[in-house]
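Chemist: The structure follows.
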There are 10 protein chains.
Amino acid sequence: MPVAPLPPLDRLDAARAVLAAKKRLGLHWDKIAETVGRSLEWSTSALLGQQPLSREQAEAVGSLLDLDDDVVDALTLPPVRGESAVDMTDPLVYRLKEMVQVYGATISELAREEFGDGIVSAIDFELDFRRVEDPKGDRAVITLNGKFLPYRVW
Amino acid sequence: MPVAPLPPLDRLDAARAVLAAKKRLGLHWDKIAETVGRSLEWSTSALLGQQPLSREQAEAVGSLLDLDDDVVDALTLPPVRGESAVDMTDPLVYRLKEMVQVYGATISELAREEFGDGIVSAIDFELDFRRVEDPKGDRAVITLNGKFLPYRVW
Amino acid sequence: MPVAPLPPLDRLDAARAVLAAKKRLGLHWDKIAETVGRSLEWSTSALLGQQPLSREQAEAVGSLLDLDDDVVDALTLPPVRGESAVDMTDPLVYRLKEMVQVYGATISELAREEFGDGIVSAIDFELDFRRVEDPKGDRAVITLNGKFLPYRVW
Amino acid sequence: MPVAPLPPLDRLDAARAVLAAKKRLGLHWDKIAETVGRSLEWSTSALLGQQPLSREQAEAVGSLLDLDDDVVDALTLPPVRGESAVDMTDPLVYRLKEMVQVYGATISELAREEFGDGIVSAIDFELDFRRVEDPKGDRAVITLNGKFLPYRVW
Amino acid sequence: MPVAPLPPLDRLDAARAVLAAKKRLGLHWDKIAETVGRSLEWSTSALLGQQPLSREQAEAVGSLLDLDDDVVDALTLPPVRGESAVDMTDPLVYRLKEMVQVYGATISELAREEFGDGIVSAIDFELDFRRVEDPKGDRAVITLNGKFLPYRVW
Amino acid sequence: MPVAPLPPLDRLDAARAVLAAKKRLGLHWDKIAETVGRSLEWSTSALLGQQPLSREQAEAVGSLLDLDDDVVDALTLPPVRGESAVDMTDPLVYRLKEMVQVYGATISELAREEFGDGIVSAIDFELDFRRVEDPKGDRAVITLNGKFLPYRVW
Amino acid sequence: MPVAPLPPLDRLDAARAVLAAKKRLGLHWDKIAETVGRSLEWSTSALLGQQPLSREQAEAVGSLLDLDDDVVDALTLPPVRGESAVDMTDPLVYRLKEMVQVYGATISELAREEFGDGIVSAIDFELDFRRVEDPKGDRAVITLNGKFLPYRVW
Amino acid sequence: MPVAPLPPLDRLDAARAVLAAKKRLGLHWDKIAETVGRSLEWSTSALLGQQPLSREQAEAVGSLLDLDDDVVDALTLPPVRGESAVDMTDPLVYRLKEMVQVYGATISELAREEFGDGIVSAIDFELDFRRVEDPKGDRAVITLNGKFLPYRVW
Amino acid sequence: MPVAPLPPLDRLDAARAVLAAKKRLGLHWDKIAETVGRSLEWSTSALLGQQPLSREQAEAVGSLLDLDDDVVDALTLPPVRGESAVDMTDPLVYRLKEMVQVYGATISELAREEFGDGIVSAIDFELDFRRVEDPKGDRAVITLNGKFLPYRVW
Amino acid sequence: MPVAPLPPLDRLDAARAVLAAKKRLGLHWDKIAETVGRSLEWSTSALLGQQPLSREQAEAVGSLLDLDDDVVDALTLPPVRGESAVDMTDPLVYRLKEMVQVYGATISELAREEFGDGIVSAIDFELDFRRVEDPKGDRAVITLNGKFLPYRVW
């Protein structure tokens, strides 16, 4: 019976290596984003595995974080955006899903009134995450910015 | 075998009646929100069934939309915020869920770096929906604004 | 083709009638519990359909809330305690489930250390719900009190 | 085909190592909690993987339990609180879930009457587990203590 | 648009009518079983919808319980034995399922040792339910008696 | 990237080792049960991983079956009784589940008539498995013997 | 609020009416098949709703079984062949599914050896059901006869 | 942290080794069946893991296919017949399942008319698979031959 | 207990009425499409409930098909495009899903090579369905024509 | 406890090796397809694991891509076309599934009108993928070309 080698690193393995190096070096995501040359949110998403990185971007992050070559290689693999990208039952993520559950009908209705028949793109899309100070407790303000796409009629 | 009456209207029945009346009268959600005395988003969410309405609010909307008394009564029932509140497989809503799927790990990571161990509240929460003009196609900008809640340590 | 009568009221129909009457009359659960002759929690659970009521208890509540006879009859049906008893995706209930998800392993481990091999009964069980004032925001304190049942060894 | 190293230890691996060492040394959770500097329940939850530990706390437990360095490192990883945190079909845990199934509607109803529209926090939350002696069989008393959070209206 | 009659009664409707009549008349299952001419367990199962009843048996029960003709007709329909036959999340039924979950591997192993490769029939099967008095609390003794069926080899 | 050791044996690994040794030595479960000092059914269940074994019991079985020390250690781990304990789609186990599906409503109804409101314990529970000779084909008689537990009323 | 008529009969309603009439008249499926002008198996499948019937066929069966006009109309609707066509948890049907579960890999392997890469059609398909006498107990012999379809290569 | 050995081969590993050897040696299933001493279908099913093999049968196949000793050992393990036995979403297997979905109600109805209340055994069962030549395309004829088992009445 | 009216017709009710009228009048979809003023595919999809219809379009179809006013009203409701739009287990639809299952990875890979990182729009999308004659059996050629949308980078 | 070798490479492992080599060498799929001697779409599907490859084809690709012998061996294994063939939650693939969800009823209806009762084959099937230039954004045109198969009537 032939014996196979272990599989090569994938994007989620690379993400774990990035997180470990980031912690060891005490770096912040904005420093990594600066190295990637993109926004904080896109860069974080890319290093967690959900956006494609060019070889140049991967190598720049590899230098910054002192990553092994096989981790750098893995960073250039295609992104993973399916259910394995996140644990939907994690309490923080679940609350985002619950916001969609509770307010999804409202967003549908307001979009239909404002734009007509269509959807808000998750592809031509930008995410913004920021902290807003508030005396009653600081707030996270997450902005979902997507192009409205009308259904084609033919 | 005894025969039972049909069940009374529930919040989702009331929502259907509101939508039908709104269409018949050609009203917009901002006019309804003005009558409710709350924001556009909260008011829409309330009339779709996901927020509680006081009797005064229900009756004001009832007058505006010329609703039957049993619909007004149903509007004062407790809100429904479970899975029946929305069809998660509707294309517009699905894209919101996909945004959570693809970017949930990023939001978790940025929240952990910025705030520490906790979640973004879906309860002490405000939704904002607006249209932003863009020459390449107008955009829907959805803002999720929730208080950060740190895990209690004891 | 023969035509069948509509089905008689069930326990969940009766619960809806109780809630409507309670609202109409402006009563509180402790008044109803007093009429039932049991604790606040057990009585609420019974009228929502999860505990059995004797004919005497059903009739006493029927008098208090001015319920139809068919509702009183339905209150004496066997309790419903399966998944139809509650919407697990309702935000309040979901958080209770999440407490079990996050702390279930801890409770298992502490129970094993303290009592040995067994379970905490959900049958020989008492629920207590109370409000505790707190200057940072009042708290709900929910006490789950179950007999420890050791696994039988034979 | 490149060969990858095995993945580093995660929080659940660390939990298994803690349980093995605790057993080998014959220690109790209250001794470990004392070393962590937190309550019995929080400390147990943390070592099982559901709360974050500082490096100081991880190292103190590492000394007490004579853990390998890689286990100590793994103890400082972010907590895991999703479905992998517990087996919901384990008989002890299932009964906790069944308590939510059977009494969830009651807790919702009592919370609505007492506090209004909102939820009981699973984040600003304390767990208490204790044994209460009873001549008919000792009881486990599990207290879920969460801040009530009213829905924001805007 | 043509209007259809309501559907005729099915076996589960008939079961509800039987239970209501049994309660109204204060009868016990052994009296009904005597009328059916079969064991207590089989007769109960048949009237709940899981066994076929001849017209003679249905009419005899109809006389005993003063059932409407359409209920008697429905009692002669084919039995329903799929998932609609029972709520698997009902606490009593769930514990039976848990017994299968916890002890299923043991029963498989003992059956394999004792009989060889095969199964225990759920068709050539008898159920016995009885109460056994016990000073520490009476017990329910449920006997599952099935023919062993060896796998055919060809 | 640090490299982790393979995980230690768990209860299901130990069960596989026990089955292999039992087969190699040609032993029967009653011989193993005698060594454990418990009934045939409990002992089989324990060695398959669903009951706790003391170190003395684990070592006695280890001697009888000539097991490695790490298997003996694994036998002293806490039992596993969740869904991983058994394959519910295995034909033999499925028929047990089908018995619950088909006869669960009957057992509920007979228990309610005989005992009142409660459940049959799966914890204070004994299993008996035996072969009964029958000229038409021998039968497996499986006895589920559980204490009846009435719902607590408070 | 406008009031809608009840929905017209569908194919499953028509099937129930056919079964009731067949029972009332004491007819057998082969007599009905003769009227339809097709095989026993196809005709039964058609009247249960899984094959299309021409108006002539529907009217011929309507005459034979003395069906109402709306039932005859419903018999000409398109067939229903999705999951609503059958209860897969019914014990008889489940065993058919289990045959696929247990022997599906064998059938795949033999088909691959005999025919190459492809599937056995469920569309260009004939079913045969017959009773074969056997002194040890009569047998049901079900023949699945499907055209082998090779995967197209292009 | 102790390090465990890799688990021994199971029936599905053995099946993979058999398939690889069969391909390498260019053998057909009928040659293997001859060595096993059973029919083509049973033998294939056994070597794929769904039937038990005696040591003699396993060794005979081991000689024929030049299998390692650990593969021969694995062939004598108990069969696996649960969901892991097959991929139900494989296109060939799915069509078999669809045949059950579409024709299951028909088979139930014809069996009830022909035999009365019972099931067709999947245990006292024989599978036959053969190719039938047809000018319009050869056909696979799969025969499911099971003993009819009437429900026991007691 | 107040009695509610039956709910108004929804889009799927309207679709059933359209299909019934189309059959009664012996019309084809291209005639209906001509009345709608759109392509065959879009018009069919709209009348089945998955596209929005203007009042003018609904009334034109109402005239053509002699529909009741309440059906015409229902045709102007928002489209339904969630899982209720289709039975995914219907054999014809299932094969479309299987095409996605089997060829989805291929389409992803070819799209990535040809276009880069993005998706094929299901919104800016046209469906074409046509019959292509073929001496070996006519073919259905279904063309999915969607705009490629690149992921936004920011 | 015997130690087993790691399992041999499967088709999905081989696909990963092909993708890595293709990237390393900077080749395009049309070059690989030319080597395979089939269309672009079929060849891509084959190398991703969903079509069978002859030894000659596997070796030709092995030479082109400089693959290890065990990868070439794995390419000759039977294809994998079940759910493991693709991640249905990947955004690109999900949109294909959504097209089936939204337009499946339309395709069914048009196929029934055009061809009668049957299905569009996913086996006698060709996929075509091409880019079509468009000034408003290039489009992906995916053609599903399947033989129509009428249901057999017997």
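Residues are referred to by chain and number: the chain letter is A, B, ... according to the order shown in the structure tokens, the number counts from 1 in that chain, and ligands are numbered separately from 1 in the order shown.
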For F:Gln50, work out the shell of residues within 10 Å, counting only C-alpha atoms and skipping chain neighbours fewer than 4 positions away, then give it as a PyMOL selection string.
Modeler: (chain E and resi 101-103+105-106) or (chain F and resi 11-12+15+42-46+78-82+85)
Chemist: Please give the complete set of residues from chain E that DSSP, run on the backbone, assigns to helix (DSSP H, G or I), formatted as a PDB file with C-alpha atoms, in the first residue's frame.
Modeler:
ATOM      1  CA  ARG E  11     -55.516   8.327  11.327  1.00  0.00           C
ATOM      2  CA  LEU E  12     -54.025  11.051  13.532  1.00  0.00           C
ATOM      3  CA  ASP E  13     -57.335  12.943  13.594  1.00  0.00           C
ATOM      4  CA  ALA E  14     -59.021   9.714  14.586  1.00  0.00           C
ATOM      5  CA  ALA E  15     -56.471   9.220  17.363  1.00  0.00           C
ATOM      6  CA  ARG E  16     -57.292  12.661  18.765  1.00  0.00           C
ATOM      7  CA  ALA E  17     -60.980  11.844  18.721  1.00  0.00           C
ATOM      8  CA  VAL E  18     -60.327   8.546  20.514  1.00  0.00           C
ATOM      9  CA  LEU E  19     -58.280  10.272  23.206  1.00  0.00           C
ATOM     10  CA  ALA E  20     -60.959  12.928  23.748  1.00  0.00           C
ATOM     11  CA  ALA E  21     -63.709  10.313  24.015  1.00  0.00           C
ATOM     12  CA  LYS E  22     -61.653   8.098  26.322  1.00  0.00           C
ATOM     13  CA  LYS E  23     -61.109  11.046  28.612  1.00  0.00           C
ATOM     14  CA  ARG E  24     -64.745  12.105  28.535  1.00  0.00           C
ATOM     15  CA  LEU E  25     -65.928   8.613  29.386  1.00  0.00           C
ATOM     16  CA  TRP E  29     -56.817   1.377  27.742  1.00  0.00           C
ATOM     17  CA  ASP E  30     -57.353  -2.160  28.991  1.00  0.00           C
ATOM     18  CA  LYS E  31     -61.096  -1.778  28.516  1.00  0.00           C
ATOM     19  CA  ILE E  32     -60.509  -0.551  24.963  1.00  0.00           C
ATOM     20  CA  ALA E  33     -58.032  -3.391  24.338  1.00  0.00           C
ATOM     21  CA  GLU E  34     -60.626  -5.874  25.485  1.00  0.00           C
ATOM     22  CA  THR E  35     -63.034  -4.459  22.917  1.00  0.00           C
ATOM     23  CA  VAL E  36     -60.390  -4.636  20.192  1.00  0.00           C
ATOM     24  CA  LEU E  40     -53.048  -3.605  25.751  1.00  0.00           C
ATOM     25  CA  GLU E  41     -49.958  -2.433  23.855  1.00  0.00           C
ATOM     26  CA  TRP E  42     -51.087  -3.432  20.364  1.00  0.00           C
ATOM     27  CA  SER E  43     -54.550  -1.968  20.877  1.00  0.00           C
ATOM     28  CA  THR E  44     -53.220   1.329  22.149  1.00  0.00           C
ATOM     29  CA  SER E  45     -50.802   1.500  19.248  1.00  0.00           C
ATOM     30  CA  ALA E  46     -53.628   0.731  16.813  1.00  0.00           C
ATOM     31  CA  LEU E  47     -55.920   3.444  18.174  1.00  0.00           C
ATOM     32  CA  ARG E  55     -63.949  -2.632  10.196  1.00  0.00           C
ATOM     33  CA  GLU E  56     -65.274  -4.849  12.990  1.00  0.00           C
ATOM     34  CA  GLN E  57     -62.627  -3.629  15.417  1.00  0.00           C
ATOM     35  CA  ALA E  58     -63.183   0.000  14.394  1.00  0.00           C
ATOM     36  CA  GLU E  59     -66.936  -0.314  14.851  1.00  0.00           C
ATOM     37  CA  ALA E  60     -66.613  -2.031  18.197  1.00  0.00           C
ATOM     38  CA  VAL E  61     -64.417   0.796  19.449  1.00  0.00           C
ATOM     39  CA  GLY E  62     -66.809   3.270  17.867  1.00  0.00           C
ATOM     40  CA  SER E  63     -69.654   1.828  19.906  1.00  0.00           C
ATOM     41  CA  LEU E  64     -67.673   1.744  23.105  1.00  0.00           C
ATOM     42  CA  LEU E  65     -66.483   5.342  22.743  1.00  0.00           C
ATOM     43  CA  ASP E  69     -69.028   7.522  11.710  1.00  0.00           C
ATOM     44  CA  ASP E  70     -66.302   9.506  10.002  1.00  0.00           C
ATOM     45  CA  VAL E  71     -63.951   8.752  12.889  1.00  0.00           C
ATOM     46  CA  VAL E  72     -64.794   5.055  12.600  1.00  0.00           C
ATOM     47  CA  ASP E  73     -64.087   5.242   8.863  1.00  0.00           C
ATOM     48  CA  ALA E  74     -60.754   6.931   9.515  1.00  0.00           C
ATOM     49  CA  LEU E  75     -59.780   4.180  11.971  1.00  0.00           C
ATOM     50  CA  GLU E  83     -41.864  10.304  11.647  1.00  0.00           C
ATOM     51  CA  SER E  84     -45.286  11.868  11.984  1.00  0.00           C
ATOM     52  CA  ALA E  85     -46.198   9.052  14.340  1.00  0.00           C
ATOM     53  CA  PRO E  91     -38.956  14.426  26.753  1.00  0.00           C
ATOM     54  CA  LEU E  92     -40.345  10.935  27.386  1.00  0.00           C
ATOM     55  CA  VAL E  93     -39.751   9.766  23.827  1.00  0.00           C
ATOM     56  CA  TYR E  94     -36.348  11.411  23.691  1.00  0.00           C
ATOM     57  CA  ARG E  95     -35.172   9.294  26.608  1.00  0.00           C
ATOM     58  CA  LEU E  96     -36.124   6.150  24.677  1.00  0.00           C
ATOM     59  CA  LYS E  97     -34.077   7.447  21.761  1.00  0.00           C
ATOM     60  CA  GLU E  98     -31.205   8.212  24.107  1.00  0.00           C
ATOM     61  CA  MET E  99     -31.313   4.636  25.389  1.00  0.00           C
ATOM     62  CA  VAL E 100     -30.751   3.554  21.762  1.00  0.00           C
ATOM     63  CA  GLN E 101     -27.985   6.140  21.367  1.00  0.00           C
ATOM     64  CA  VAL E 102     -26.132   5.083  24.514  1.00  0.00           C
ATOM     65  CA  TYR E 103     -26.757   1.325  24.401  1.00  0.00           C
ATOM     66  CA  GLY E 104     -27.103   0.703  20.648  1.00  0.00           C
ATOM     67  CA  ALA E 105     -23.474  -0.311  20.223  1.00  0.00           C
ATOM     68  CA  THR E 106     -23.794  -2.697  23.172  1.00  0.00           C
ATOM     69  CA  ILE E 107     -26.913  -4.341  21.770  1.00  0.00           C
ATOM     70  CA  SER E 108     -25.227  -4.694  18.358  1.00  0.00           C
ATOM     71  CA  GLU E 109     -22.190  -6.290  19.907  1.00  0.00           C
ATOM     72  CA  LEU E 110     -24.147  -8.718  22.105  1.00  0.00           C
ATOM     73  CA  ALA E 111     -26.428  -9.654  19.210  1.00  0.00           C
ATOM     74  CA  ARG E 112     -23.440 -10.338  16.976  1.00  0.00           C
ATOM     75  CA  GLU E 113     -21.829 -12.545  19.616  1.00  0.00           C
ATOM     76  CA  GLU E 114     -25.027 -14.411  20.402  1.00  0.00           C
ATOM     77  CA  PHE E 115     -26.677 -14.741  17.008  1.00  0.00           C
TER      78      PHE E 115
END
Chemist: Counting only C-alpha atoms, what is within 7 Å of J:Arg131, bar same-chain residues fewer than 4 positions away, as a PDB file with N, CA and C atoms, in the first residue's frame?
Modeler:
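Written out: around29.pdb:
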ATOM      1  N   ASP J 138     -17.961  42.406 -19.493  1.00  0.00           N
ATOM      2  CA  ASP J 138     -17.991  41.124 -20.187  1.00  0.00           C
ATOM      3  C   ASP J 138     -18.856  40.113 -19.431  1.00  0.00           C
ATOM      4  N   ARG J 139     -19.352  39.150 -20.177  1.00  0.00           N
ATOM      5  CA  ARG J 139     -20.290  38.192 -19.603  1.00  0.00           C
ATOM      6  C   ARG J 139     -19.737  36.782 -19.720  1.00  0.00           C
ATOM      7  N   ALA J 140     -20.126  35.942 -18.759  1.00  0.00           N
ATOM      8  CA  ALA J 140     -19.831  34.523 -18.853  1.00  0.00           C
ATOM      9  C   ALA J 140     -21.085  33.843 -19.376  1.00  0.00           C
ATOM     10  N   VAL J 141     -20.929  33.081 -20.426  1.00  0.00           N
ATOM     11  CA  VAL J 141     -22.067  32.384 -21.008  1.00  0.00           C
ATOM     12  C   VAL J 141     -21.824  30.895 -20.833  1.00  0.00           C
TER      13      VAL J 141
END
Chemist: Separation of atom CA of A:Pro150 and atom CA of B:Ala122, in Å?
Modeler: 29.1 Å
Chemist: How many Å separate atom CA of I:Tyr151 from atom CA of A:Phe125?
Modeler: 7.4 Å
Chemist: Rounded to one decimal place, report the atom CA of J:Pro52-atom CA of J:Ile123 distance in Å.
Modeler: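 If I compute the distance from atom CA of J:Pro52 to atom CA of J:Ile123, I get 13.4 Å.
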Chemist: Identify all residues of stretch 97-132 of chain E in strand (DSSP E) (DSSP on the backbone) and supply them as an MDAnalysis selection string.
Modeler: chainID E and resid 118:132
Chemist: Please produce a file of the residues just selected, as a PDB file, in the first residue's frame, where the atoms kept are C-alpha atoms.
Modeler:
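Output file out-v4.pdb is given in full below:
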ATOM      1  CA  GLY E 118     -28.246  -9.988  11.412  1.00  0.00           C
ATOM      2  CA  ILE E 119     -30.783  -7.704  13.012  1.00  0.00           C
ATOM      3  CA  VAL E 120     -33.567  -7.787  15.600  1.00  0.00           C
ATOM      4  CA  SER E 121     -36.863  -7.423  13.782  1.00  0.00           C
ATOM      5  CA  ALA E 122     -39.052  -4.381  14.371  1.00  0.00           C
ATOM      6  CA  ILE E 123     -41.807  -6.138  12.393  1.00  0.00           C
ATOM      7  CA  ASP E 124     -42.001  -9.616  13.896  1.00  0.00           C
ATOM      8  CA  PHE E 125     -41.997  -7.712  17.138  1.00  0.00           C
ATOM      9  CA  GLU E 126     -43.917  -7.476  20.401  1.00  0.00           C
ATOM     10  CA  LEU E 127     -43.890  -4.648  22.875  1.00  0.00           C
ATOM     11  CA  ASP E 128     -44.608  -5.138  26.540  1.00  0.00           C
ATOM     12  CA  PHE E 129     -45.021  -2.256  28.947  1.00  0.00           C
ATOM     13  CA  ARG E 130     -45.497  -2.771  32.636  1.00  0.00           C
ATOM     14  CA  ARG E 131     -45.111  -1.144  36.010  1.00  0.00           C
ATOM     15  CA  VAL E 132     -42.877  -2.828  38.534  1.00  0.00           C
TER      16      VAL E 132
END
